[in-house]
file work.cif (mmCIF, C-alpha atoms (C1' of nucleotides))
data_start
loop_
_atom_site.label_atom_id
_atom_site.label_comp_id
_atom_site.auth_asym_id
_atom_site.auth_seq_id
_atom_site.Cartn_x
_atom_site.Cartn_y
_atom_site.Cartn_z
CA MET G 1 100.05 151.50 167.56
CA SER G 2 97.85 154.56 167.56
CA LYS G 3 98.38 155.21 163.93
CA SER G 4 94.86 154.68 162.75
CA SER G 5 93.40 158.17 162.86
CA PRO G 6 91.62 159.27 159.68
CA ASN G 7 94.33 161.86 159.14
CA GLN G 8 96.96 159.18 159.20
CA THR G 9 95.09 157.27 156.55
CA ASN G 10 95.08 160.34 154.34
CA VAL G 11 98.74 160.96 154.91
CA ASP G 12 99.59 157.39 154.01
CA ALA G 13 97.50 157.53 150.86
CA ILE G 14 98.98 160.86 149.79
CA VAL G 15 102.53 159.72 150.28
CA GLU G 16 101.72 156.53 148.43
CA THR G 17 100.29 158.49 145.53
CA ILE G 18 103.21 160.88 145.33
CA VAL G 19 105.70 158.05 145.31
CA TYR G 20 103.67 156.34 142.65
CA LEU G 21 103.46 159.43 140.45
CA TYR G 22 107.12 160.19 140.81
CA THR G 23 108.46 156.72 140.14
CA GLU G 24 105.99 155.97 137.36
CA SER G 25 106.68 159.27 135.62
CA ARG G 26 110.34 158.60 135.73
CA ARG G 27 109.91 155.12 134.43
CA LEU G 28 107.88 156.37 131.50
CA THR G 29 110.33 159.12 130.62
CA LYS G 30 113.08 156.56 130.68
CA GLY G 31 111.19 154.36 128.28
CA LEU G 32 110.55 157.22 125.89
CA ALA G 33 114.14 158.36 126.04
CA ARG G 34 115.20 154.86 125.18
CA GLN G 35 113.46 155.04 121.85
CA PHE G 36 116.09 157.59 120.93
CA GLY G 37 118.99 155.71 122.44
CA LEU G 38 119.06 157.96 125.50
CA THR G 39 118.59 157.41 129.22
CA GLY G 40 116.20 159.48 131.31
CA PRO G 41 118.79 161.86 132.75
CA GLN G 42 120.43 162.22 129.36
CA LEU G 43 117.16 163.34 127.85
CA THR G 44 116.74 165.83 130.66
CA VAL G 45 120.22 167.20 130.05
CA ILE G 46 119.88 167.75 126.33
CA LYS G 47 116.52 169.43 126.81
CA LEU G 48 118.00 171.74 129.44
CA LEU G 49 120.93 172.61 127.21
CA GLU G 50 118.59 173.21 124.31
CA GLN G 51 116.54 175.58 126.42
CA PHE G 52 119.25 177.44 128.30
CA GLY G 53 122.33 177.11 126.10
CA ASP G 54 125.70 176.13 127.52
CA LEU G 55 125.67 175.38 131.23
CA SER G 56 128.39 174.70 133.74
CA LEU G 57 128.45 171.25 135.26
CA SER G 58 127.38 172.46 138.67
CA SER G 59 124.47 174.54 137.40
CA LEU G 60 123.38 171.43 135.57
CA SER G 61 123.62 169.48 138.84
CA ASP G 62 121.49 172.07 140.58
CA ARG G 63 118.80 171.91 137.96
CA ILE G 64 118.48 168.16 137.95
CA ARG G 65 118.96 167.90 141.71
CA ALA G 66 121.92 165.59 141.61
CA ASN G 67 125.45 165.65 142.94
CA ASN G 68 128.32 166.93 140.86
CA SER G 69 129.88 163.51 140.94
CA THR G 70 126.73 162.00 139.48
CA VAL G 71 126.57 164.53 136.69
CA THR G 72 130.24 164.07 135.90
CA GLY G 73 129.45 160.46 135.07
CA ILE G 74 126.40 161.35 133.02
CA ILE G 75 128.37 163.88 130.99
CA ASP G 76 131.22 161.40 130.55
CA ARG G 77 128.90 158.96 128.85
CA MET G 78 127.18 161.66 126.82
CA GLU G 79 130.53 162.95 125.63
CA ARG G 80 131.50 159.44 124.63
CA GLY G 81 128.24 159.27 122.68
CA GLU G 82 129.06 162.62 121.07
CA LEU G 83 125.92 164.29 122.37
CA VAL G 84 127.77 167.03 124.26
CA GLN G 85 131.28 168.35 124.64
CA ARG G 86 133.15 169.83 127.55
CA GLU G 87 134.87 173.16 127.32
CA ARG G 88 136.86 174.96 130.00
CA SER G 89 135.52 178.39 130.70
CA ALA G 90 137.97 181.08 129.71
CA SER G 91 136.90 183.45 132.45
CA ASP G 92 137.12 180.89 135.24
CA ARG G 93 139.24 177.95 134.35
CA ARG G 94 137.79 175.81 137.13
CA MET G 95 134.46 175.73 135.39
CA VAL G 96 133.53 173.30 132.66
CA LEU G 97 130.87 174.38 130.22
CA ILE G 98 128.72 171.69 128.71
CA ARG G 99 127.70 172.28 125.11
CA LEU G 100 125.44 170.38 122.76
CA THR G 101 127.10 168.93 119.70
CA LYS G 102 125.34 169.09 116.37
CA LYS G 103 124.14 165.55 116.95
CA GLY G 104 122.90 166.41 120.43
CA ARG G 105 121.11 169.51 119.25
CA GLN G 106 119.44 167.66 116.45
CA LEU G 107 118.26 164.95 118.79
CA ALA G 108 116.91 167.50 121.26
CA SER G 109 114.89 169.27 118.59
CA GLN G 110 113.54 165.93 117.48
CA ILE G 111 112.15 164.93 120.88
CA GLU G 112 109.14 166.75 122.19
CA VAL G 113 108.87 164.74 125.37
CA GLU G 114 109.22 166.74 128.53
CA PRO G 115 110.54 165.28 131.79
CA MET G 116 107.81 163.88 134.05
CA LYS G 117 105.44 164.06 131.10
CA LEU G 118 103.07 161.50 132.52
CA PHE G 119 102.63 163.54 135.64
CA ARG G 120 102.28 166.82 133.77
CA ASP G 121 99.64 165.46 131.46
CA ALA G 122 97.61 164.20 134.39
CA LEU G 123 97.86 167.59 136.05
CA ARG G 124 96.80 169.40 132.90
CA SER G 125 93.66 167.33 132.72
CA LEU G 126 92.53 168.66 136.09
CA PRO G 127 89.96 171.45 136.24
CA PRO G 128 91.78 174.79 136.62
CA ALA G 129 90.27 175.37 140.04
CA GLU G 130 91.71 172.13 141.35
CA LEU G 131 95.05 172.88 139.79
CA ASP G 132 95.09 176.17 141.67
CA GLU G 133 94.08 174.45 144.86
CA LEU G 134 96.76 171.83 144.47
CA PHE G 135 99.33 174.48 143.77
CA ARG G 136 98.29 176.40 146.87
CA ILE G 137 98.27 173.43 149.23
CA LEU G 138 101.51 171.95 147.99
CA GLY G 139 103.16 175.32 148.32
CA ARG G 140 102.08 175.27 151.90
CA VAL G 141 103.46 171.78 152.43
CA GLN G 142 106.77 172.86 151.03
CA GLN G 143 106.72 175.93 153.22
CA ASN G 144 106.23 173.70 156.25
CA VAL G 145 109.16 171.60 155.23
CA LEU G 146 111.36 174.62 154.70
CA LEU G 147 110.42 176.06 158.03
CA GLY G 148 112.30 173.18 159.47
CA LEU G 149 109.34 171.45 161.07
CA THR G 150 110.88 171.98 164.42
CA ALA G 151 107.48 173.38 165.30
CA GLN G 152 106.16 169.85 165.27
CA SER G 153 106.08 169.80 169.04
CA GLY G 154 103.09 172.14 168.97
CA GLN G 155 101.00 170.50 166.24
CA ASN G 156 99.85 166.88 166.30
CA SER G 157 96.25 165.94 166.25
CA GLY G 158 96.87 162.23 166.29
CA GLU G 159 99.27 160.97 168.79
CA MET Y 1 102.16 174.48 122.36
CA SER Y 2 100.56 176.51 125.11
CA LYS Y 3 103.58 176.65 127.32
CA SER Y 4 103.00 180.13 128.61
CA SER Y 5 99.48 179.75 129.95
CA PRO Y 6 98.92 180.38 133.65
CA ASN Y 7 98.05 176.71 133.98
CA GLN Y 8 101.43 175.75 132.67
CA THR Y 9 103.03 177.84 135.36
CA ASN Y 10 101.06 175.98 137.98
CA VAL Y 11 101.95 172.64 136.50
CA ASP Y 12 105.63 173.52 136.47
CA ALA Y 13 105.51 174.69 140.06
CA ILE Y 14 103.63 171.61 141.21
CA VAL Y 15 106.01 169.22 139.53
CA GLU Y 16 108.91 171.16 140.93
CA THR Y 17 107.46 170.94 144.44
CA ILE Y 18 106.72 167.23 144.20
CA VAL Y 19 110.21 166.48 142.98
CA TYR Y 20 111.60 168.58 145.77
CA LEU Y 21 109.54 166.89 148.46
CA TYR Y 22 110.30 163.45 147.16
CA THR Y 23 114.04 163.84 146.77
CA GLU Y 24 114.49 165.80 149.99
CA SER Y 25 112.46 163.29 151.98
CA ARG Y 26 114.50 160.47 150.63
CA ARG Y 27 117.71 162.25 151.37
CA LEU Y 28 116.64 162.80 154.95
CA THR Y 29 115.57 159.21 155.46
CA LYS Y 30 118.86 158.08 154.07
CA GLY Y 31 120.74 160.25 156.52
CA LEU Y 32 118.74 158.93 159.45
CA ALA Y 33 119.17 155.34 158.35
CA ARG Y 34 122.87 155.90 158.18
CA GLN Y 35 123.01 156.65 161.86
CA PHE Y 36 122.13 153.00 162.37
CA GLY Y 37 124.45 151.67 159.71
CA LEU Y 38 121.62 151.18 157.23
CA THR Y 39 120.79 152.56 153.81
CA GLY Y 40 117.42 154.10 152.98
CA PRO Y 41 115.94 151.04 151.26
CA GLN Y 42 117.29 148.77 153.99
CA LEU Y 43 115.48 150.79 156.62
CA THR Y 44 112.30 150.57 154.59
CA VAL Y 45 112.69 146.80 154.33
CA ILE Y 46 113.18 146.10 158.02
CA LYS Y 47 110.24 148.35 158.90
CA LEU Y 48 108.04 146.50 156.41
CA LEU Y 49 109.10 143.13 157.74
CA GLU Y 50 108.52 144.31 161.29
CA GLN Y 51 105.03 145.42 160.37
CA PHE Y 52 103.91 142.57 158.11
CA GLY Y 53 106.04 139.63 159.16
CA ASP Y 54 107.80 137.43 156.63
CA LEU Y 55 107.35 138.54 153.04
CA SER Y 56 108.28 136.99 149.74
CA LEU Y 57 110.82 138.81 147.67
CA SER Y 58 108.33 139.85 145.04
CA SER Y 59 105.77 141.17 147.51
CA LEU Y 60 108.60 143.18 149.00
CA SER Y 61 109.42 144.50 145.52
CA ASP Y 62 105.81 145.51 145.02
CA ARG Y 63 105.69 147.39 148.27
CA ILE Y 64 108.84 149.38 147.70
CA ARG Y 65 108.11 149.81 144.02
CA ALA Y 66 111.32 148.33 142.77
CA ASN Y 67 112.23 145.51 140.42
CA ASN Y 68 112.85 142.03 141.72
CA SER Y 69 116.41 142.23 140.52
CA THR Y 70 116.94 145.37 142.56
CA VAL Y 71 115.51 143.82 145.70
CA THR Y 72 117.58 140.69 145.23
CA GLY Y 73 120.64 142.86 145.58
CA ILE Y 74 119.31 144.70 148.60
CA ILE Y 75 118.48 141.44 150.35
CA ASP Y 76 121.88 140.00 149.44
CA ARG Y 77 123.60 142.81 151.28
CA MET Y 78 121.20 142.68 154.20
CA GLU Y 79 121.75 138.96 154.52
CA ARG Y 80 125.48 139.53 154.52
CA GLY Y 81 124.93 142.04 157.30
CA GLU Y 82 122.82 139.48 159.16
CA LEU Y 83 119.75 141.68 159.22
CA VAL Y 84 117.52 139.19 157.39
CA GLN Y 85 117.63 135.63 156.19
CA ARG Y 86 116.20 133.85 153.17
CA GLU Y 87 114.04 130.79 153.44
CA ARG Y 88 112.45 128.79 150.63
CA SER Y 89 108.72 128.55 151.01
CA ALA Y 90 107.60 124.97 151.66
CA SER Y 91 104.30 125.37 149.86
CA ASP Y 92 105.80 126.89 146.73
CA ARG Y 93 109.44 126.21 146.34
CA ARG Y 94 109.89 129.00 143.81
CA MET Y 95 109.25 131.59 146.48
CA VAL Y 96 111.81 132.95 148.90
CA LEU Y 97 110.56 134.28 152.19
CA ILE Y 98 112.51 137.09 153.78
CA ARG Y 99 112.64 137.01 157.56
CA LEU Y 100 114.13 139.38 160.10
CA THR Y 101 116.95 138.01 162.19
CA LYS Y 102 117.13 138.82 165.86
CA LYS Y 103 119.56 141.58 165.05
CA GLY Y 104 117.29 142.93 162.34
CA ARG Y 105 114.23 142.85 164.56
CA GLN Y 106 116.02 144.60 167.34
CA LEU Y 107 117.22 147.32 165.02
CA ALA Y 108 113.73 147.79 163.60
CA SER Y 109 112.20 148.22 167.04
CA GLN Y 110 114.90 150.69 167.90
CA ILE Y 111 114.21 153.02 164.99
CA GLU Y 112 111.02 155.02 165.06
CA VAL Y 113 111.69 156.86 161.85
CA GLU Y 114 109.17 156.22 159.13
CA PRO Y 115 110.06 156.43 155.46
CA MET Y 116 109.41 159.85 153.90
CA LYS Y 117 109.15 161.29 157.37
CA LEU Y 118 109.89 164.83 156.27
CA PHE Y 119 107.02 164.73 153.86
CA ARG Y 120 104.63 163.09 156.32
CA ASP Y 121 105.36 165.64 158.99
CA ALA Y 122 104.69 168.47 156.60
CA LEU Y 123 101.39 166.88 155.60
CA ARG Y 124 100.33 166.37 159.20
CA SER Y 125 100.77 170.04 159.90
CA LEU Y 126 98.13 170.92 157.31
CA PRO Y 127 94.59 171.71 158.42
CA PRO Y 128 92.46 168.55 158.10
CA ALA Y 129 90.30 170.15 155.42
CA GLU Y 130 93.29 170.76 153.21
CA LEU Y 131 94.57 167.28 153.82
CA ASP Y 132 91.25 165.92 152.60
CA GLU Y 133 91.34 168.19 149.60
CA LEU Y 134 94.86 167.15 148.74
CA PHE Y 135 93.92 163.52 149.09
CA ARG Y 136 90.96 163.98 146.79
CA ILE Y 137 92.78 165.89 144.09
CA LEU Y 138 95.83 163.65 144.05
CA GLY Y 139 93.59 160.62 143.79
CA ARG Y 140 92.16 162.20 140.70
CA VAL Y 141 95.59 162.88 139.28
CA GLN Y 142 96.55 159.28 139.81
CA GLN Y 143 93.35 158.17 138.13
CA ASN Y 144 94.24 160.29 135.12
CA VAL Y 145 97.67 158.77 135.01
CA LEU Y 146 96.27 155.28 135.05
CA LEU Y 147 93.93 156.12 132.22
CA GLY Y 148 96.78 157.60 130.24
CA LEU Y 149 98.89 154.54 130.81
CA THR Y 150 96.31 152.07 129.64
CA ALA Y 151 95.50 154.25 126.66
CA GLN Y 152 99.14 154.21 125.77
CA SER Y 153 99.69 150.50 126.10
CA GLY Y 154 96.68 149.84 123.91
CA GLN Y 155 98.26 151.41 120.85
CA ASN Y 156 101.66 152.02 119.44
CA SER Y 157 102.36 155.60 120.32
CA GLY Y 158 102.75 157.66 117.21
CA GLU Y 159 106.36 158.31 116.53
"C1'" DG R 1 152.27 188.93 146.96
"C1'" DA R 2 152.22 184.62 149.70
"C1'" DT R 3 149.18 181.57 151.97
"C1'" DA R 4 144.73 179.91 153.68
"C1'" DA R 5 140.07 179.18 152.53
"C1'" DT R 6 136.83 178.42 148.99
"C1'" DT R 7 135.03 176.80 144.69
"C1'" DA R 8 134.51 173.61 140.56
"C1'" DC R 9 135.19 169.46 139.12
"C1'" DT R 10 136.90 164.50 139.08
"C1'" DT R 11 137.85 159.94 141.03
"C1'" DC R 12 136.75 156.13 143.86
"C1'" DG R 13 133.94 152.82 146.38
"C1'" DT R 14 129.49 151.27 147.25
"C1'" DA R 15 124.44 150.92 146.77
"C1'" DT R 16 120.52 151.27 144.28
"C1'" DG R 17 117.82 150.60 139.96
"C1'" DC R 18 116.41 148.68 135.54
"C1'" DG R 19 115.81 145.27 131.64
"C1'" DA R 20 117.08 141.03 129.44
"C1'" DA R 21 118.32 136.42 129.85
"C1'" DA R 22 118.80 132.23 132.66
"C1'" DT R 23 117.06 128.81 136.12
"C1'" DA R 24 113.81 126.41 138.93
"C1'" DT R 25 109.24 125.38 140.00
"C1'" DT R 26 104.36 125.23 139.39
"C1'" DC R 27 100.24 125.50 136.57
"C1'" DG R 28 97.25 124.76 132.53
"C1'" DC R 29 95.56 121.82 129.41
"C1'" DA R 30 95.11 118.43 125.90
"C1'" DT N 1 100.69 111.82 131.90
"C1'" DG N 2 103.36 115.10 129.65
"C1'" DC N 3 104.68 119.40 127.95
"C1'" DG N 4 104.38 124.22 127.04
"C1'" DA N 5 103.08 128.54 129.50
"C1'" DA N 6 103.38 131.15 133.52
"C1'" DT N 7 105.60 132.52 137.87
"C1'" DA N 8 109.48 133.53 141.28
"C1'" DT N 9 113.94 134.50 141.75
"C1'" DT N 10 118.74 135.22 140.33
"C1'" DT N 11 122.50 136.82 137.34
"C1'" DC N 12 124.54 140.09 134.32
"C1'" DG N 13 125.64 144.52 132.25
"C1'" DC N 14 124.99 149.10 132.49
"C1'" DA N 15 123.50 153.73 134.26
"C1'" DT N 16 122.43 156.52 137.92
"C1'" DA N 17 123.32 158.30 142.70
"C1'" DC N 18 125.78 159.65 146.78
"C1'" DG N 19 129.69 160.95 149.97
"C1'" DA N 20 134.53 161.29 150.82
"C1'" DA N 21 138.85 162.38 149.23
"C1'" DG N 22 141.74 164.44 145.72
"C1'" DT N 23 143.22 168.16 142.24
"C1'" DA N 24 143.24 172.58 140.04
"C1'" DA N 25 141.98 177.34 139.98
"C1'" DT N 26 140.23 181.50 142.28
"C1'" DT N 27 139.32 184.46 146.14
"C1'" DA N 28 140.14 186.25 150.72
"C1'" DT N 29 143.21 187.76 154.17
"C1'" DC N 30 147.04 189.39 156.07
#

call {"tool": "encode", "arguments": {"input": "work.cif", "output": "structure tokens"}}
result
Amino acid sequence: MSKSSPNQTNVDAIVETIVYLYTESRRLTKGLARQFGLTGPQLTVIKLLEQFGDLSLSSLSDRIRANNSTVTGIIDRMERGELVQRERSASDRRMVLIRLTKKGRQLASQIEVEPMKLFRDALRSLPPAELDELFRILGRVQQNVLLGLTAQSGQNSGE
Amino acid sequence: MSKSSPNQTNVDAIVETIVYLYTESRRLTKGLARQFGLTGPQLTVIKLLEQFGDLSLSSLSDRIRANNSTVTGIIDRMERGELVQRERSASDRRMVLIRLTKKGRQLASQIEVEPMKLFRDALRSLPPAELDELFRILGRVQQNVLLGLTAQSGQNSGE
DNA sequence: GATAATTACTTCGTATGCGAAATATTCGCA
DNA sequence: TGCGAATATTTCGCATACGAAGTAATTATC
């Protein structure tokens, strides 16, 4: 157990905070969506469709970072609730375009809540300098992840 | 409605990055757990039990930030798989203590993977100064969130 | 221009994940 | 003591969420 370096403590706390922010934000969005008879993902979908117009199922999956099979289910239920409708693309008949119904569009325009609102609000209340700093550092973290972290054999200050 | 300010761009990017890191980390953990016949949450549970010893169901829920009803299901399946066992607490017979079985303990000792490993590795590769900075700023973000939450529960949000 | 490979989506089985209601136990308090 | 409030867990119904396998349509390859 040589996990007790100060760095490790920071890492633990940061991960803890991120998990907290993510799960809490989602929980809040879900609660707000519920006031309109929607679920969290459903709210996200109608806001995306409102913003970008008709989208294919897979581009929708990409944007909400979920599998096609997951989104198929979400759209099924939304179609049943008459929030959206499916339409085969004429140019490529494999594709299904998802379109807001009148009811869906009206609901979307009625709700101002953005996904992860809790988190966004907290970020906006930071001083601009810190926001920049956070943006810079997190970009770096993501870069490290993308680089495959196979370079981890060289790093390590703790163990 | 100041959606096009430079700050907004930062906020969007930060949220995007956090969501990416969170979901990707979880996906990776899940994949690693699968190599041992476990799911992501199951891996988290046996590692927690290994570290802290027997835990009540609700303290387990707190630690993994899930509802009791969710954890009940997870423990059900783990019990079926003989990874853990339930035992009523003698001091308070409402409580159920979750305990690793021999099989569960052996599996836990065999797996070195920590939850959110991808994320942790990326953090550890940051310069210590940036790690500190990140820790500080995120703490502030969380503080803001907590303030927002209590402010919200104190009043009926205008709708 | 037929066939293999690819792409877009759906279906199925299983595992979270949540909230509301039910049950069992303990605590608070008159 | 007794009884209502609080606490710990389970059960239920529903909505994600994923991966594997299946189907339909398009593209690539010869």

call {"tool": "resolve_selection", "arguments": {"input": "work.cif", "expression": "the PyMOL selection byres ((chain G) within 8 of (chain R))", "output": "list in words"}}
result
Leu57, Ser58, Asn68, Ser69, Thr72, Arg94, Met95 and Val96 of chain G

call {"tool": "write_last_selection", "arguments": {"input": "work.cif", "atoms": "C-alpha atoms", "output": "tab-separated table (two decimals), in the coordinates of the input"}}
result
chain	number	residue	atom	x	y	z
G	57	LEU	CA	128.45	171.25	135.26
G	58	SER	CA	127.38	172.46	138.67
G	68	ASN	CA	128.32	166.93	140.86
G	69	SER	CA	129.88	163.51	140.94
G	72	THR	CA	130.24	164.07	135.90
G	94	ARG	CA	137.79	175.81	137.13
G	95	MET	CA	134.46	175.73	135.39
G	96	VAL	CA	133.53	173.30	132.66

call {"tool": "resolve_selection", "arguments": {"input": "work.cif", "expression": "the PyMOL selection byres ((chain G) within 6 of (chain Y))", "output": "list in words"}}
result
Ile14, Ala122, Phe135, Val141, Asn144 and Val145 of chain G

call {"tool": "resolve_selection", "arguments": {"input": "work.cif", "expression": "the PyMOL selection byres ((chain G) within 8 of (chain N))", "output": "list in words"}}
result
Thr39, Ala66, Asn67, Thr70, Ile74, Asp92, Arg93 and Arg94 of chain G

call {"tool": "calpha_fit_rmsd", "arguments": {"input": "work.cif", "fixed": "chain G", "moving": "chain Y"}}
result
4.0 Å

call {"tool": "atom_distance", "arguments": {"input": "work.cif", "atom1": "atom CA of Phe36 of chain Y", "atom2": "atom CA of Leu107 of chain Y"}}
result
8.0 Å

call {"tool": "axis_aligned_box", "arguments": {"input": "work.cif", "around": "segment 27-30 of chain N", "padding_each_side": "6 Å", "output": "AutoDock Vina command-line options"}}
result
--center_x 143.2 --center_y 186.9 --center_z 151.1 --size_x 19.7 --size_y 16.9 --size_z 21.9

call {"tool": "atom_distance", "arguments": {"input": "work.cif", "atom1": "atom CA of Leu100 of chain Y", "atom2": "atom CA of Ile46 of chain Y"}}
result
7.1 Å

call {"tool": "build_atoms", "arguments": {"input": "work.cif", "residues": "segment 27-53 of chain Y", "atoms": "N, CA and C atoms", "output": "PDB file, in the coordinates of the input"}}
result
ATOM      1  N   ARG Y  27     116.376 161.901 150.890  1.00  0.00           N
ATOM      2  CA  ARG Y  27     117.710 162.250 151.370  1.00  0.00           C
ATOM      3  C   ARG Y  27     117.748 162.227 152.893  1.00  0.00           C
ATOM      4  N   LEU Y  28     116.692 162.750 153.490  1.00  0.00           N
ATOM      5  CA  LEU Y  28     116.640 162.800 154.950  1.00  0.00           C
ATOM      6  C   LEU Y  28     116.564 161.394 155.554  1.00  0.00           C
ATOM      7  N   THR Y  29     115.696 160.588 154.990  1.00  0.00           N
ATOM      8  CA  THR Y  29     115.570 159.210 155.460  1.00  0.00           C
ATOM      9  C   THR Y  29     116.905 158.492 155.372  1.00  0.00           C
ATOM     10  N   LYS Y  30     117.567 158.710 154.261  1.00  0.00           N
ATOM     11  CA  LYS Y  30     118.860 158.080 154.070  1.00  0.00           C
ATOM     12  C   LYS Y  30     119.841 158.479 155.168  1.00  0.00           C
ATOM     13  N   GLY Y  31     119.848 159.761 155.472  1.00  0.00           N
ATOM     14  CA  GLY Y  31     120.740 160.250 156.520  1.00  0.00           C
ATOM     15  C   GLY Y  31     120.430 159.637 157.865  1.00  0.00           C
ATOM     16  N   LEU Y  32     119.130 159.514 158.164  1.00  0.00           N
ATOM     17  CA  LEU Y  32     118.740 158.930 159.450  1.00  0.00           C
ATOM     18  C   LEU Y  32     119.079 157.455 159.503  1.00  0.00           C
ATOM     19  N   ALA Y  33     118.841 156.766 158.403  1.00  0.00           N
ATOM     20  CA  ALA Y  33     119.170 155.340 158.350  1.00  0.00           C
ATOM     21  C   ALA Y  33     120.654 155.132 158.602  1.00  0.00           C
ATOM     22  N   ARG Y  34     121.418 156.039 158.078  1.00  0.00           N
ATOM     23  CA  ARG Y  34     122.870 155.900 158.180  1.00  0.00           C
ATOM     24  C   ARG Y  34     123.370 155.911 159.612  1.00  0.00           C
ATOM     25  N   GLN Y  35     122.620 156.607 160.454  1.00  0.00           N
ATOM     26  CA  GLN Y  35     123.010 156.650 161.860  1.00  0.00           C
ATOM     27  C   GLN Y  35     122.967 155.264 162.498  1.00  0.00           C
ATOM     28  N   PHE Y  36     122.216 154.361 161.848  1.00  0.00           N
ATOM     29  CA  PHE Y  36     122.130 153.000 162.370  1.00  0.00           C
ATOM     30  C   PHE Y  36     122.856 152.016 161.465  1.00  0.00           C
ATOM     31  N   GLY Y  37     123.686 152.542 160.584  1.00  0.00           N
ATOM     32  CA  GLY Y  37     124.450 151.670 159.710  1.00  0.00           C
ATOM     33  C   GLY Y  37     123.625 151.073 158.583  1.00  0.00           C
ATOM     34  N   LEU Y  38     122.479 151.692 158.292  1.00  0.00           N
ATOM     35  CA  LEU Y  38     121.620 151.180 157.230  1.00  0.00           C
ATOM     36  C   LEU Y  38     121.573 152.162 156.063  1.00  0.00           C
ATOM     37  N   THR Y  39     121.099 151.671 154.929  1.00  0.00           N
ATOM     38  CA  THR Y  39     120.790 152.560 153.810  1.00  0.00           C
ATOM     39  C   THR Y  39     119.294 152.839 153.843  1.00  0.00           C
ATOM     40  N   GLY Y  40     118.844 153.760 153.024  1.00  0.00           N
ATOM     41  CA  GLY Y  40     117.420 154.100 152.980  1.00  0.00           C
ATOM     42  C   GLY Y  40     116.535 152.885 152.701  1.00  0.00           C
ATOM     43  N   PRO Y  41     116.768 152.206 151.581  1.00  0.00           N
ATOM     44  CA  PRO Y  41     115.940 151.040 151.260  1.00  0.00           C
ATOM     45  C   PRO Y  41     116.018 149.956 152.334  1.00  0.00           C
ATOM     46  N   GLN Y  42     117.161 149.779 152.941  1.00  0.00           N
ATOM     47  CA  GLN Y  42     117.290 148.770 153.990  1.00  0.00           C
ATOM     48  C   GLN Y  42     116.406 149.104 155.182  1.00  0.00           C
ATOM     49  N   LEU Y  43     116.366 150.374 155.541  1.00  0.00           N
ATOM     50  CA  LEU Y  43     115.480 150.790 156.620  1.00  0.00           C
ATOM     51  C   LEU Y  43     114.029 150.494 156.270  1.00  0.00           C
ATOM     52  N   THR Y  44     113.671 150.839 155.036  1.00  0.00           N
ATOM     53  CA  THR Y  44     112.300 150.570 154.590  1.00  0.00           C
ATOM     54  C   THR Y  44     111.982 149.083 154.711  1.00  0.00           C
ATOM     55  N   VAL Y  45     112.922 148.248 154.310  1.00  0.00           N
ATOM     56  CA  VAL Y  45     112.690 146.800 154.330  1.00  0.00           C
ATOM     57  C   VAL Y  45     112.493 146.278 155.760  1.00  0.00           C
ATOM     58  N   ILE Y  46     113.347 146.660 156.670  1.00  0.00           N
ATOM     59  CA  ILE Y  46     113.180 146.100 158.020  1.00  0.00           C
ATOM     60  C   ILE Y  46     111.897 146.618 158.670  1.00  0.00           C
ATOM     61  N   LYS Y  47     111.499 147.847 158.342  1.00  0.00           N
ATOM     62  CA  LYS Y  47     110.240 148.350 158.900  1.00  0.00           C
ATOM     63  C   LYS Y  47     109.040 147.606 158.309  1.00  0.00           C
ATOM     64  N   LEU Y  48     109.120 147.266 157.035  1.00  0.00           N
ATOM     65  CA  LEU Y  48     108.040 146.500 156.410  1.00  0.00           C
ATOM     66  C   LEU Y  48     107.941 145.111 157.013  1.00  0.00           C
ATOM     67  N   LEU Y  49     109.099 144.483 157.186  1.00  0.00           N
ATOM     68  CA  LEU Y  49     109.100 143.130 157.740  1.00  0.00           C
ATOM     69  C   LEU Y  49     108.617 143.145 159.189  1.00  0.00           C
ATOM     70  N   GLU Y  50     108.981 144.195 159.899  1.00  0.00           N
ATOM     71  CA  GLU Y  50     108.520 144.310 161.290  1.00  0.00           C
ATOM     72  C   GLU Y  50     106.993 144.410 161.321  1.00  0.00           C
ATOM     73  N   GLN Y  51     106.466 145.186 160.370  1.00  0.00           N
ATOM     74  CA  GLN Y  51     105.030 145.420 160.370  1.00  0.00           C
ATOM     75  C   GLN Y  51     104.224 144.230 159.839  1.00  0.00           C
ATOM     76  N   PHE Y  52     104.711 143.601 158.776  1.00  0.00           N
ATOM     77  CA  PHE Y  52     103.910 142.570 158.110  1.00  0.00           C
ATOM     78  C   PHE Y  52     104.389 141.151 158.340  1.00  0.00           C
ATOM     79  N   GLY Y  53     105.510 140.981 159.014  1.00  0.00           N
ATOM     80  CA  GLY Y  53     106.040 139.630 159.160  1.00  0.00           C
ATOM     81  C   GLY Y  53     106.782 139.209 157.901  1.00  0.00           C
TER      82      GLY Y  53
END
